[in-house]
$ cat query-v2.cif   # mmCIF, C-alpha atoms and all ligand atoms
data_target
#
loop_
_atom_site.label_atom_id
_atom_site.label_comp_id
_atom_site.auth_asym_id
_atom_site.auth_seq_id
_atom_site.Cartn_x
_atom_site.Cartn_y
_atom_site.Cartn_z
CA MET H 1 26.69 27.36 -3.70
CA LYS H 2 26.35 24.86 -0.88
CA GLU H 3 26.73 21.18 -1.70
CA HIS H 4 25.19 18.56 0.57
CA VAL H 5 26.76 15.14 0.20
CA MET H 6 24.56 12.25 1.26
CA LYS H 7 25.13 8.54 1.38
CA ILE H 8 21.89 6.72 0.68
CA LEU H 9 21.38 2.98 1.07
CA ILE H 10 19.06 0.82 -0.99
CA VAL H 11 18.07 -2.38 0.80
CA GLY H 12 15.51 -5.16 0.43
CA ASN H 13 15.25 -8.77 -0.68
CA PRO H 14 16.77 -10.01 -3.94
CA THR H 15 14.82 -9.26 -7.15
CA VAL H 16 12.53 -6.58 -5.70
CA GLY H 17 14.00 -4.04 -8.15
CA LYS H 18 16.76 -2.22 -6.25
CA THR H 19 19.35 -2.19 -9.02
CA SER H 20 16.70 -1.24 -11.58
CA PHE H 21 15.58 1.58 -9.30
CA VAL H 22 19.07 3.04 -9.05
CA GLN H 23 19.63 2.70 -12.79
CA GLN H 24 16.33 4.34 -13.58
CA TYR H 25 16.95 7.14 -11.14
CA VAL H 26 20.52 7.82 -12.11
CA SER H 27 20.44 7.25 -15.86
CA GLY H 28 16.74 7.14 -16.75
CA GLN H 29 16.88 3.62 -18.12
CA PHE H 30 14.96 0.48 -17.40
CA ASN H 31 16.70 -2.72 -18.44
CA LYS H 32 14.80 -5.91 -18.37
CA THR H 33 17.57 -8.19 -17.21
CA TYR H 34 20.46 -7.57 -14.93
CA LYS H 35 23.53 -9.56 -14.16
CA THR H 36 23.76 -10.19 -10.45
CA THR H 37 26.49 -8.00 -9.18
CA VAL H 38 28.56 -9.14 -6.27
CA GLY H 39 29.69 -6.74 -3.58
CA VAL H 40 28.57 -3.15 -3.45
CA ASP H 41 27.89 -0.80 -6.33
CA PHE H 42 27.53 2.86 -5.82
CA SER H 43 26.27 5.53 -8.14
CA VAL H 44 26.45 9.27 -7.89
CA LYS H 45 23.71 11.71 -8.81
CA THR H 46 23.76 15.46 -8.43
CA LEU H 47 20.44 17.09 -7.77
CA PRO H 48 19.86 20.84 -8.04
CA TRP H 49 18.00 21.61 -4.80
CA SER H 50 17.50 25.34 -4.48
CA ASP H 51 19.02 28.57 -5.83
CA ASN H 52 22.07 28.12 -3.66
CA GLU H 53 22.12 24.42 -2.80
CA THR H 54 22.87 21.21 -4.62
CA VAL H 55 22.63 17.68 -3.29
CA ARG H 56 25.16 15.08 -4.26
CA LEU H 57 23.83 11.61 -3.66
CA HIS H 58 26.03 8.57 -3.23
CA ILE H 59 23.60 5.75 -3.74
CA TRP H 60 24.78 2.37 -2.46
CA ASP H 61 23.21 -0.65 -4.04
CA ILE H 62 23.53 -3.73 -1.89
CA ALA H 63 24.22 -5.77 -5.03
CA GLY H 64 24.36 -9.43 -4.03
CA GLN H 65 25.01 -9.09 -0.31
CA GLU H 66 21.27 -9.31 0.36
CA TYR H 67 21.57 -13.08 0.01
CA SER H 68 23.45 -13.32 3.28
CA PHE H 69 20.90 -11.04 5.00
CA SER H 70 23.36 -9.70 7.50
CA VAL H 71 25.06 -7.04 5.48
CA THR H 72 28.48 -5.83 6.51
CA ARG H 73 28.74 -2.75 8.65
CA THR H 74 30.84 -0.95 6.04
CA TYR H 75 27.81 -0.84 3.82
CA PHE H 76 25.83 1.08 6.44
CA ARG H 77 28.57 3.31 7.79
CA GLY H 78 27.93 7.04 7.49
CA ALA H 79 24.60 6.64 5.68
CA LEU H 80 22.14 9.50 6.11
CA GLY H 81 19.10 7.91 4.56
CA CYS H 82 17.70 4.62 3.34
CA VAL H 83 15.29 3.21 0.80
CA LEU H 84 13.77 -0.11 1.88
CA MET H 85 12.12 -1.78 -1.08
CA PHE H 86 9.85 -4.77 -1.49
CA ASP H 87 7.88 -6.25 -4.38
CA VAL H 88 4.07 -6.04 -4.09
CA THR H 89 3.75 -9.38 -5.91
CA ASN H 90 6.01 -11.16 -3.41
CA SER H 91 4.68 -11.35 0.16
CA ASN H 92 7.93 -12.77 1.43
CA SER H 93 9.78 -9.65 0.36
CA PHE H 94 7.28 -7.60 2.38
CA LEU H 95 7.59 -9.82 5.46
CA SER H 96 11.38 -9.46 5.32
CA CYS H 97 11.11 -5.69 5.65
CA LEU H 98 10.89 -5.99 9.43
CA GLN H 99 14.25 -7.72 9.56
CA TRP H 100 15.76 -5.20 7.16
CA LYS H 101 14.56 -2.29 9.25
CA GLN H 102 15.90 -3.84 12.45
CA ASP H 103 19.24 -4.54 10.82
CA LEU H 104 19.36 -0.94 9.63
CA ASN H 105 18.46 0.47 13.06
CA ASN H 106 21.12 -1.68 14.70
CA LYS H 107 23.88 -0.75 12.32
CA VAL H 108 23.55 2.94 11.66
CA MET H 109 22.20 5.91 13.55
CA LEU H 110 22.31 9.67 13.56
CA PRO H 111 24.68 11.47 15.94
CA SER H 112 21.70 11.91 18.31
CA GLY H 113 21.20 8.14 18.38
CA ALA H 114 17.97 8.31 16.37
CA PRO H 115 17.46 6.00 13.38
CA ILE H 116 18.29 7.45 9.97
CA PRO H 117 15.28 8.44 7.83
CA CYS H 118 13.96 5.50 5.86
CA ILE H 119 11.32 5.42 3.13
CA LEU H 120 9.40 2.22 2.35
CA LEU H 121 8.84 1.54 -1.34
CA ALA H 122 6.23 -0.88 -2.63
CA ASN H 123 7.65 -1.63 -6.07
CA LYS H 124 6.28 -3.33 -9.20
CA CYS H 125 2.86 -1.72 -8.73
CA ASP H 126 2.45 -1.98 -12.53
CA LEU H 127 1.89 -5.74 -12.17
CA PRO H 128 -1.64 -7.13 -11.79
CA GLU H 129 -0.67 -10.04 -9.52
CA ARG H 130 -0.37 -7.89 -6.45
CA VAL H 131 -0.57 -9.68 -3.09
CA VAL H 132 0.30 -6.96 -0.54
CA THR H 133 -2.51 -4.51 0.28
CA ALA H 134 -2.09 -0.76 0.78
CA ASP H 135 -3.68 -1.13 4.21
CA SER H 136 -1.10 -3.56 5.47
CA ILE H 137 1.74 -1.44 4.06
CA ALA H 138 0.41 1.68 5.76
CA ARG H 139 0.09 -0.14 9.08
CA PHE H 140 3.56 -1.63 8.84
CA SER H 141 5.10 1.69 7.83
CA LYS H 142 3.56 3.53 10.76
CA LYS H 143 4.42 0.89 13.31
CA ASN H 144 8.05 0.61 12.28
CA GLY H 145 9.10 4.23 12.04
CA PHE H 146 9.22 4.92 8.31
CA PHE H 147 8.63 8.60 7.64
CA ALA H 148 6.72 7.72 4.45
CA TRP H 149 5.82 4.93 2.09
CA MET H 150 5.06 5.04 -1.62
CA GLU H 151 4.03 2.75 -4.43
CA THR H 152 6.57 2.69 -7.22
CA SER H 153 7.05 1.13 -10.60
CA VAL H 154 10.58 1.29 -11.86
CA LYS H 155 9.29 -0.17 -15.11
CA ASP H 156 6.85 2.71 -15.68
CA ASN H 157 9.14 5.26 -14.00
CA LYS H 158 6.43 5.94 -11.43
CA ASN H 159 7.35 7.78 -8.23
CA ILE H 160 11.09 7.19 -8.59
CA GLY H 161 12.24 10.81 -8.57
CA GLU H 162 9.44 11.69 -6.15
CA ALA H 163 10.55 9.06 -3.63
CA MET H 164 14.14 10.27 -3.72
CA ARG H 165 13.08 13.89 -3.33
CA ARG H 166 10.99 13.00 -0.27
CA LEU H 167 13.96 11.21 1.21
CA VAL H 168 16.37 14.11 0.58
CA GLN H 169 13.83 16.54 2.01
CA GLU H 170 13.50 14.43 5.15
CA ILE H 171 17.28 14.14 5.54
CA LEU H 172 17.67 17.91 5.28
CA SER H 173 14.92 18.59 7.78
CA VAL H 174 16.30 16.02 10.24
CA GLN H 175 19.76 17.56 9.83
CA SER H 176 18.53 21.04 10.55
CA SER H 177 16.67 19.85 13.66
CA GLU H 178 19.78 18.00 14.87
CA ASP H 179 21.74 21.22 14.39
CA GLN H 180 19.56 23.10 16.85
CA PRO H 181 21.59 24.71 19.66
CA LEU H 182 19.80 22.45 22.18
CA SER H 183 21.62 19.36 20.96
CA ARG H 184 25.06 19.99 22.36
CA LYS H 185 27.81 19.31 19.90
CA GLU H 186 29.96 17.47 22.49
CA ASP H 187 27.19 14.92 22.89
CA ASN H 188 27.43 13.98 19.29
CA VAL H 189 29.38 10.87 18.64
CA ASP H 190 31.32 10.32 15.49
CA LEU H 191 29.68 7.46 13.59
CA HIS H 192 32.97 5.69 13.17
CA SER H 193 34.00 5.57 16.81
CA HIS H 194 30.46 4.82 17.89
CA ASP H 195 30.47 1.87 15.60
CA ALA H 196 33.75 0.59 16.91
CA THR H 197 32.92 0.93 20.60
CA ASN H 198 29.37 -0.34 20.63
CA HIS H 199 29.56 -3.32 18.38
CA GLN H 200 32.33 -5.76 18.98
CA THR H 201 31.07 -8.29 16.49
CA CYS H 202 31.90 -6.08 13.57
CA CYS H 203 31.73 -8.11 10.38
P1 LIG N 301 17.35 -6.39 -7.25
O1 LIG N 301 17.80 -7.80 -7.07
O2 LIG N 301 16.52 -5.94 -6.10
O3 LIG N 301 18.46 -5.45 -7.57
O4 LIG N 301 16.33 -6.38 -8.50
P2 LIG N 301 16.62 -6.02 -10.02
O5 LIG N 301 16.71 -4.55 -10.20
O6 LIG N 301 17.73 -6.85 -10.52
O7 LIG N 301 15.24 -6.45 -10.69
C1 LIG N 301 14.77 -7.78 -10.67
C2 LIG N 301 13.78 -7.99 -11.80
O8 LIG N 301 12.60 -7.22 -11.56
C3 LIG N 301 14.32 -7.52 -13.16
O9 LIG N 301 13.91 -8.45 -14.14
C4 LIG N 301 13.64 -6.18 -13.38
O10 LIG N 301 13.46 -5.91 -14.74
C5 LIG N 301 12.30 -6.40 -12.69
N1 LIG N 301 11.70 -5.15 -12.18
C6 LIG N 301 12.28 -4.19 -11.41
N2 LIG N 301 11.42 -3.20 -11.13
C7 LIG N 301 10.25 -3.53 -11.74
C8 LIG N 301 8.96 -2.90 -11.80
O11 LIG N 301 8.69 -1.82 -11.25
N3 LIG N 301 7.99 -3.57 -12.51
C9 LIG N 301 8.23 -4.75 -13.12
N4 LIG N 301 7.20 -5.31 -13.80
N5 LIG N 301 9.42 -5.36 -13.08
C10 LIG N 301 10.42 -4.78 -12.40
MG MG N 302 20.56 -5.87 -7.57
#

$ encode --input "query-v2.cif" --output "structure tokens" --more "lines below"
Ligand code: GDP
Ligand code: MG
Amino acid sequence: MKEHVMKILIVGNPTVGKTSFVQQYVSGQFNKTYKTTVGVDFSVKTLPWSDNETVRLHIWDIAGQEYSFSVTRTYFRGALGCVLMFDVTNSNSFLSCLQWKQDLNNKVMLPSGAPIPCILLANKCDLPERVVTADSIARFSKKNGFFAWMETSVKDNKNIGEAMRRLVQEILSVQSSEDQPLSRKEDNVDLHSHDATNHQTCC
């Protein structure tokens, strides 16, 4: 049995539903109120993937650090995939996605130098007071290099498992293409040393 271990980041503005999303995904519960957690929380979920593969997800919830907007590099280090979430009833949370994506691209990359796969989630689609249109999400997603976007409702448990499966699938397919013989192993840079050499202003 082969086990893939993957660090996944959940980012986005405060109150868009990140912590609820992780809770729902990991333990199948939706809680109406959450204490604001400070620092980083991470949860583990094991996903049967195929007859001979399992996926072990380490899901990092930004938990409070989103207030400072520039999240520490430790949070990003070694991540293989990302969920960027906004709230469809809050246009500001959608507008911030550009900054989140840029921050992500600057702080973590695959050994080839490419950005890590990122899925854009339009959460709280159960609410009637929606202000962000599907058209504008689709345009933004395409322009900014998301491999997919989806509407979700953590409250109604809509598209939660589906979104994570899409992300894992994308990570696995990116990994197998990066493993092609054409990409010479010596060219690959360890994420740690890359981080240390390229970014002096490590926070
Ligand atoms: P975070 O700050 O991004 O971690 O957001 P939280 O997970 O703490 O959620 C903020 C608030 O939004 C909480 O009151 C949640 O119950 C609520 N919430 C999260 N997801 C949904 C959703 O899909 N629909 C609705 N209606 N409320 C949600
Ligand atoms: Mg939270």

$ closest_residue --input "query-v2.cif" --among "H:Val168, H:Phe146, H:Thr15, H:Arg77" --to "H:Asn92" --atoms "all atoms listed in the file"
H:Thr15

$ closest_residue --input "query-v2.cif" --among "H:Cys118, H:Met6, H:Val16, H:Val11" --to "ligand LIG 301 (chain N)" --atoms "only C-alpha atoms and all ligand atoms"
H:Val16

$ closest_residue --input "query-v2.cif" --among "H:Tyr25, H:Tyr75, H:Trp60, H:Trp149" --to "H:Asp135" --atoms "all atoms listed in the file"
H:Trp149

$ closest_residue --input "query-v2.cif" --among "H:Ser93, H:Asn144, H:Gln29, H:Thr72" --to "H:Pro115" --atoms "only C-alpha atoms"
H:Asn144

$ closest_residue --input "query-v2.cif" --among "H:Met164, H:Ile8, H:Leu127, H:Leu98" --to "ligand LIG 301 (chain N)" --atoms "only C-alpha atoms and all ligand atoms"
H:Leu127

$ closest_residue --input "query-v2.cif" --among "H:Ala114, H:Cys97, H:Ile10, H:Val55" --to "ligand MG 302 (chain N)" --atoms "only C-alpha atoms and all ligand atoms"
H:Ile10

$ residues_around --input "query-v2.cif" --residues "H:Gly28" --least-positions-apart "4" --cutoff "10 Å" --atoms "all atoms listed in the file" --output "list in words"
Ser20, Phe21, Val22, Gln23, Gln24, Val154, Asn157 and Ile160 of chain H

$ atom_distance --input "query-v2.cif" --atom1 "atom CA of H:Met85" --atom2 "atom CA of H:Lys142"
15.5 Å
